[in-house]
Amino acid sequence: MVRLDLMSPTVLLTPDQVTPTTVQGLYVHIPFCFHKCHYCDFYSITRQSRERMDTFVELLLTEASFWQHHRPRPRTVFFGGGTPSLLPLDLMQKLIDGLKKLLDLSGVIEWTVEVNPATSDREYLAMLLGHGVNRLSLGAQSFDPRELQMLERHHHPRDVEQSLRSAIDVGFERLNLDLIYAIPGQTLGSWKRSLEQAISLQTGHLSCYGLTYEPNTPMAVRRRIGEFQPVDESVELQMLRSTRDMLCAHGLPAYEISNYARPGDECLHNLIYWKADNYLGLGPSAASHLEGHRFKNRPHLREWEQGVMNQQLPVIEHERLTPEQRMNERVWLGLRLQEGVRFEDLIRYHVTSDPYDYYRSGLQKLSESGLIEVSNTGFCLTERGIPIADSVVAELLAR
Ligand code: SF4
């Protein structure tokens, strides 16, 4: 992997180096938030002016134009961040219209925008729907005001309900809520209450992630100086188990370790990531994968701007994966899925004609330990393997 830490005129990658290929997903990173939540390590800035946002949209469209001759025709679009709904209405319209002019978005079947419950109103949501967005993802995180405060989230639980009501009123049918468990001070009981409230809102999709202490986030620092005790690992495991049981009982089975959906309402965009398919990312810090070229944009707005203004891909890391690395990546990502990995999905990397044989020793050992289930067609994590997925995958790939 090539990585540059300082802004440099060196061009790491040009679109010509990448063979035009089918791009299944388009990701757009909108790096503006009105406040930094204490657990978050996504790239975003909190002091943004109208002028900065104007420039951002202009340059985002310039970056999209670099890929025009590849004729990307994604099936999914995802606007994440940051807080995409912080872009003023007219700028969001300009961004969507501009992307439609530059790229062929006529085959898009799922277009998601992340929305902060405190920053969405009916007019904005109606505009999104009218412009082809058909799925909203709301960061609810918890329905307990004290837990939201612990995370430094600046919305109230009732904002979530109001935003959902507005979204349904204007015509959105596909909705997701993000929730976080293992928040300091949270008990199994309070987590179950949050889940019950989420279930009662009847969205077709829920994402439930255990809190992670990303290095250098305020949350990690507060933990280090002893401001609070993290939730005990055994309680976190009970939270995961009860999430799987409760949501399955309410018609939202897990289809990925942290994602639950009514059958048919799975997030198609995220499935592209977990199946190691091709996606193009635009905006600061956005990651892309195009047939073994994995690259990441500069995670800094000014540096990203400078790269695009210089008519260069604003890339800070570029890695060319070997066929074997690609196959292994397909395994570790695919094992997150409930359906697991099919042997036939691995043959296309032309590393082996017999993937079972290739991974035989790891598969045998892990299935004897009850962590992986192997069938004639593929393999998946067992209920015991799911909570320790990372170490199971590490063991499998350490051939
Ligand atoms: S709103 Fe989302 S992206 Fe912004 S700081 Fe909070 S968690 Fe991070």
# chains A, B, ... in the order shown; residues from 1 in each chain; ligands from 1
$ select_by_dssp --residues "region 100-259 of chain A" --states "strand (DSSP E)" --output "PyMOL selection string"
chain A and resi 110-115+135-141+174-181+205-210+254-256+259
$ closest_atom_pairs --of "chain A" --to "ligand 1" --cutoff "10 Å" --atoms "only C-alpha atoms and all ligand atoms" --output "tab-separated table"
residue	atom	partner	partner_atom_place_in_ligand_line	distance
A:His29	CA	ligand 1	3 (S)	9.9
A:Ile30	CA	ligand 1	3 (S)	9.1
A:Pro31	CA	ligand 1	3 (S)	7.6
A:Phe32	CA	ligand 1	4 (Fe)	7.0
A:Cys33	CA	ligand 1	4 (Fe)	4.7
A:Phe34	CA	ligand 1	4 (Fe)	7.3
A:His35	CA	ligand 1	5 (S)	6.0
A:Lys36	CA	ligand 1	5 (S)	3.9
A:Cys37	CA	ligand 1	6 (Fe)	4.2
A:His38	CA	ligand 1	5 (S)	7.3
A:Tyr39	CA	ligand 1	7 (S)	7.1
A:Cys40	CA	ligand 1	8 (Fe)	4.5
A:Asp41	CA	ligand 1	8 (Fe)	6.5
A:Phe42	CA	ligand 1	8 (Fe)	5.6
A:Tyr43	CA	ligand 1	3 (S)	7.1
A:Ser44	CA	ligand 1	3 (S)	6.3
A:Ile45	CA	ligand 1	4 (Fe)	8.3
A:Thr46	CA	ligand 1	5 (S)	8.3
A:Gly80	CA	ligand 1	3 (S)	8.1
A:Gly81	CA	ligand 1	3 (S)	5.2
A:Gly82	CA	ligand 1	3 (S)	3.7
A:Thr83	CA	ligand 1	1 (S)	5.6
A:Pro84	CA	ligand 1	3 (S)	9.0
A:Leu86	CA	ligand 1	1 (S)	9.8
A:Glu114	CA	ligand 1	2 (Fe)	8.8
A:Val115	CA	ligand 1	1 (S)	8.8
A:Asn116	CA	ligand 1	1 (S)	6.6
A:Pro117	CA	ligand 1	1 (S)	9.6
A:Ala118	CA	ligand 1	1 (S)	9.9
A:Leu138	CA	ligand 1	2 (Fe)	9.7
A:Gly139	CA	ligand 1	2 (Fe)	7.2
A:Gln141	CA	ligand 1	7 (S)	9.1
A:Leu151	CA	ligand 1	6 (Fe)	8.9
A:Glu152	CA	ligand 1	6 (Fe)	8.2
A:Arg153	CA	ligand 1	6 (Fe)	6.7
A:His154	CA	ligand 1	6 (Fe)	8.6
A:His155	CA	ligand 1	1 (S)	9.9
$ write_last_selection --atoms "N, CA and C atoms" --output "tab-separated table (two decimals), in the first residue's frame"
chain	number	residue	atom	x	y	z
A	29	HIS	N	-19.37	11.34	0.35
A	29	HIS	CA	-19.14	11.73	1.74
A	29	HIS	C	-19.33	13.24	1.91
A	30	ILE	N	-20.28	13.61	2.73
A	30	ILE	CA	-20.58	15.03	2.96
A	30	ILE	C	-20.08	15.37	4.37
A	31	PRO	N	-18.98	16.12	4.46
A	31	PRO	CA	-18.22	16.16	5.72
A	31	PRO	C	-18.61	17.28	6.68
A	32	PHE	N	-19.90	17.55	6.82
A	32	PHE	CA	-20.29	18.66	7.70
A	32	PHE	C	-21.17	18.15	8.84
A	33	CYS	N	-20.87	18.56	10.05
A	33	CYS	CA	-21.72	18.25	11.21
A	33	CYS	C	-21.86	19.52	12.02
A	34	PHE	N	-22.96	19.67	12.76
A	34	PHE	CA	-23.07	20.90	13.54
A	34	PHE	C	-22.40	20.73	14.90
A	35	HIS	N	-22.00	19.49	15.21
A	35	HIS	CA	-21.38	19.23	16.50
A	35	HIS	C	-20.68	17.88	16.38
A	36	LYS	N	-19.57	17.69	17.05
A	36	LYS	CA	-18.86	16.41	16.94
A	36	LYS	C	-19.29	15.48	18.08
A	37	CYS	N	-19.90	14.38	17.75
A	37	CYS	CA	-20.31	13.41	18.78
A	37	CYS	C	-19.05	12.75	19.34
A	38	HIS	N	-19.07	12.41	20.62
A	38	HIS	CA	-17.83	12.01	21.28
A	38	HIS	C	-17.26	10.65	20.86
A	39	TYR	N	-18.06	9.80	20.24
A	39	TYR	CA	-17.57	8.46	19.88
A	39	TYR	C	-17.13	8.39	18.42
A	40	CYS	N	-17.35	9.47	17.67
A	40	CYS	CA	-17.31	9.39	16.20
A	40	CYS	C	-15.91	9.62	15.66
A	41	ASP	N	-15.47	8.72	14.77
A	41	ASP	CA	-14.20	8.99	14.10
A	41	ASP	C	-14.37	9.12	12.58
A	42	PHE	N	-15.60	9.36	12.13
A	42	PHE	CA	-15.79	9.67	10.71
A	42	PHE	C	-15.27	11.09	10.47
A	43	TYR	N	-14.76	11.34	9.27
A	43	TYR	CA	-14.23	12.67	9.03
A	43	TYR	C	-15.36	13.68	8.84
A	44	SER	N	-15.34	14.71	9.64
A	44	SER	CA	-16.29	15.82	9.44
A	44	SER	C	-15.76	17.06	10.13
A	45	ILE	N	-16.23	18.22	9.67
A	45	ILE	CA	-15.86	19.47	10.33
A	45	ILE	C	-17.13	20.13	10.85
A	46	THR	N	-16.96	20.95	11.87
A	46	THR	CA	-18.16	21.54	12.48
A	46	THR	C	-18.29	23.03	12.21
A	80	GLY	N	-23.44	9.74	2.73
A	80	GLY	CA	-23.17	9.60	4.16
A	80	GLY	C	-22.29	10.73	4.63
A	81	GLY	N	-21.87	10.63	5.89
A	81	GLY	CA	-21.03	11.73	6.35
A	81	GLY	C	-20.42	11.44	7.69
A	82	GLY	N	-20.27	12.55	8.41
A	82	GLY	CA	-20.94	13.82	8.29
A	82	GLY	C	-22.47	13.72	8.41
A	83	THR	N	-23.04	14.83	8.13
A	83	THR	CA	-24.50	14.95	8.19
A	83	THR	C	-24.98	15.51	6.85
A	84	PRO	N	-25.28	14.65	5.88
A	84	PRO	CA	-25.68	15.15	4.57
A	84	PRO	C	-26.83	16.14	4.63
A	86	LEU	N	-27.30	18.45	6.48
A	86	LEU	CA	-26.89	19.82	6.83
A	86	LEU	C	-26.67	20.68	5.59
A	114	GLU	N	-28.28	9.78	4.64
A	114	GLU	CA	-28.26	9.79	6.11
A	114	GLU	C	-28.82	11.12	6.60
A	115	VAL	N	-29.68	11.02	7.58
A	115	VAL	CA	-30.37	12.22	8.07
A	115	VAL	C	-30.21	12.28	9.58
A	116	ASN	N	-29.89	13.46	10.07
A	116	ASN	CA	-29.83	13.64	11.52
A	116	ASN	C	-31.23	14.03	11.99
A	117	PRO	N	-31.75	13.32	13.02
A	117	PRO	CA	-33.14	13.61	13.44
A	117	PRO	C	-33.38	15.07	13.77
A	118	ALA	N	-32.31	15.80	14.16
A	118	ALA	CA	-32.54	17.20	14.55
A	118	ALA	C	-32.44	18.15	13.36
A	138	LEU	N	-31.60	7.20	9.67
A	138	LEU	CA	-31.59	8.18	10.75
A	138	LEU	C	-30.72	7.71	11.92
A	139	GLY	N	-29.87	8.59	12.39
A	139	GLY	CA	-29.02	8.25	13.53
A	139	GLY	C	-29.78	8.44	14.83
A	141	GLN	N	-29.52	6.24	17.63
A	141	GLN	CA	-28.49	5.79	18.60
A	141	GLN	C	-29.06	5.26	19.91
A	151	LEU	N	-23.19	10.17	24.86
A	151	LEU	CA	-22.55	10.12	23.53
A	151	LEU	C	-22.32	11.51	22.95
A	152	GLU	N	-22.84	12.53	23.66
A	152	GLU	CA	-22.81	13.91	23.14
A	152	GLU	C	-23.58	14.02	21.83
A	153	ARG	N	-24.74	13.36	21.79
A	153	ARG	CA	-25.63	13.52	20.64
A	153	ARG	C	-26.59	14.65	20.96
A	154	HIS	N	-26.76	15.55	20.02
A	154	HIS	CA	-27.59	16.71	20.31
A	154	HIS	C	-28.98	16.60	19.69
A	155	HIS	N	-29.64	15.49	19.96
A	155	HIS	CA	-31.06	15.44	19.59
A	155	HIS	C	-31.81	14.78	20.74
$ select_by_dssp --residues "region 67-181 of chain A" --states "helix (DSSP H, G or I)" --output "PyMOL selection string"
chain A and resi 68-70+84-86+89-102+122-130+145-151+157-170
$ closest_residue --among "A:Ser353, A:Gln149, A:Asn278, A:Ser258" --to "Arg75 (chain A)" --atoms "only C-alpha atoms"
A:Asn278
$ residues_around --residues "region 289-302 of chain A" --least-positions-apart "4" --cutoff "6 Å" --atoms "only C-alpha atoms" --output "list in words"
Asn278, Tyr279, Pro284, Ser285, Pro314, Val315, Ile316, Glu317, His318, Glu319, Arg320 and Leu321 of chain A
$ residues_around --residues "Glu305 (chain A)" --least-positions-apart "6" --cutoff "12 Å" --atoms "only C-alpha atoms" --output "list of chain:residue names"
A:Met7, A:Arg52, A:Met53, A:Asp54, A:Thr55, A:Phe56, A:Val57, A:Glu58, A:Leu59, A:Leu60, A:Leu61, A:Thr62, A:Glu63, A:Leu282, A:Gly283, A:Pro284, A:Ser285, A:Asn297, A:Arg298, A:Pro299, A:Gln311, A:Gln312, A:Leu313, A:Pro314, A:Val315
$ write_last_selection --atoms "N, CA and C atoms" --output "compact mmCIF listing (two decimals), in the first residue's frame"
# COMPACT_ATOMS: atom_id res chain seq x y z
N MET A 7 0.52 16.66 2.15
CA MET A 7 0.02 17.04 0.84
C MET A 7 1.20 17.11 -0.12
N ARG A 52 -18.17 27.70 2.08
CA ARG A 52 -17.42 26.42 2.11
C ARG A 52 -18.26 25.30 1.50
N MET A 53 -19.55 25.34 1.81
CA MET A 53 -20.43 24.29 1.29
C MET A 53 -20.61 24.45 -0.22
N ASP A 54 -20.72 25.72 -0.68
CA ASP A 54 -20.81 25.98 -2.13
C ASP A 54 -19.60 25.39 -2.85
N THR A 55 -18.43 25.69 -2.29
CA THR A 55 -17.19 25.19 -2.91
C THR A 55 -17.16 23.67 -2.89
N PHE A 56 -17.60 23.10 -1.77
CA PHE A 56 -17.60 21.64 -1.65
C PHE A 56 -18.43 21.00 -2.77
N VAL A 57 -19.64 21.53 -2.99
CA VAL A 57 -20.51 20.92 -4.01
C VAL A 57 -19.89 21.07 -5.40
N GLU A 58 -19.34 22.26 -5.68
CA GLU A 58 -18.67 22.46 -6.98
C GLU A 58 -17.58 21.42 -7.19
N LEU A 59 -16.74 21.25 -6.15
CA LEU A 59 -15.58 20.37 -6.30
C LEU A 59 -15.99 18.90 -6.29
N LEU A 60 -17.05 18.59 -5.57
CA LEU A 60 -17.54 17.20 -5.60
C LEU A 60 -17.95 16.83 -7.02
N LEU A 61 -18.61 17.78 -7.69
CA LEU A 61 -19.04 17.52 -9.07
C LEU A 61 -17.81 17.44 -9.99
N THR A 62 -16.79 18.25 -9.70
CA THR A 62 -15.56 18.14 -10.49
C THR A 62 -14.95 16.76 -10.30
N GLU A 63 -14.92 16.29 -9.03
CA GLU A 63 -14.34 14.96 -8.78
C GLU A 63 -15.14 13.89 -9.53
N LEU A 282 -16.73 9.35 -3.44
CA LEU A 282 -16.38 10.74 -3.74
C LEU A 282 -16.45 11.55 -2.45
N GLY A 283 -15.58 12.58 -2.37
CA GLY A 283 -15.58 13.43 -1.18
C GLY A 283 -14.43 13.06 -0.26
N PRO A 284 -14.08 13.97 0.68
CA PRO A 284 -12.96 13.71 1.57
C PRO A 284 -13.17 12.45 2.39
N SER A 285 -12.11 11.65 2.49
CA SER A 285 -12.06 10.39 3.26
C SER A 285 -12.83 9.24 2.63
N ASN A 297 -9.67 8.60 -0.37
CA ASN A 297 -9.45 10.04 -0.54
C ASN A 297 -8.86 10.67 0.71
N ARG A 298 -8.24 11.82 0.51
CA ARG A 298 -7.64 12.54 1.63
C ARG A 298 -8.70 12.88 2.68
N PRO A 299 -8.45 12.50 3.94
CA PRO A 299 -9.45 12.75 4.99
C PRO A 299 -9.31 14.15 5.59
N GLN A 311 -6.90 19.21 -10.48
CA GLN A 311 -7.35 18.25 -11.49
C GLN A 311 -6.74 16.86 -11.28
N GLN A 312 -6.55 16.51 -9.99
CA GLN A 312 -6.02 15.18 -9.67
C GLN A 312 -7.02 14.43 -8.80
N LEU A 313 -6.97 13.10 -8.87
CA LEU A 313 -7.76 12.34 -7.90
C LEU A 313 -7.17 12.65 -6.53
N PRO A 314 -8.00 13.05 -5.55
CA PRO A 314 -7.48 13.46 -4.24
C PRO A 314 -7.20 12.26 -3.34
N VAL A 315 -6.37 11.36 -3.86
CA VAL A 315 -6.19 10.07 -3.19
C VAL A 315 -4.98 10.11 -2.26
$ residues_around --residues "Ser361 (chain A)" --least-positions-apart "5" --cutoff "12 Å" --atoms "only C-alpha atoms" --output "PDB file with C-alpha atoms, in the first residue's frame"
ATOM      1  CA  PRO A 355     -11.959 -23.153  -2.309  1.00  0.00           C
ATOM      2  CA  TYR A 356     -12.858 -25.788   0.301  1.00  0.00           C
ATOM      3  CA  LEU A 366     -13.218 -23.910  13.242  1.00  0.00           C
ATOM      4  CA  SER A 367     -16.112 -26.212  12.478  1.00  0.00           C
ATOM      5  CA  GLU A 368     -14.835 -28.697  15.109  1.00  0.00           C
ATOM      6  CA  GLU A 395      -7.759 -17.914  12.301  1.00  0.00           C
ATOM      7  CA  LEU A 396      -9.300 -18.958   9.000  1.00  0.00           C
ATOM      8  CA  LEU A 397      -7.061 -16.713   6.927  1.00  0.00           C
ATOM      9  CA  ALA A 398      -3.870 -17.627   8.810  1.00  0.00           C
ATOM     10  CA  ARG A 399      -3.255 -20.614   6.536  1.00  0.00           C
TER      11      ARG A 399
END
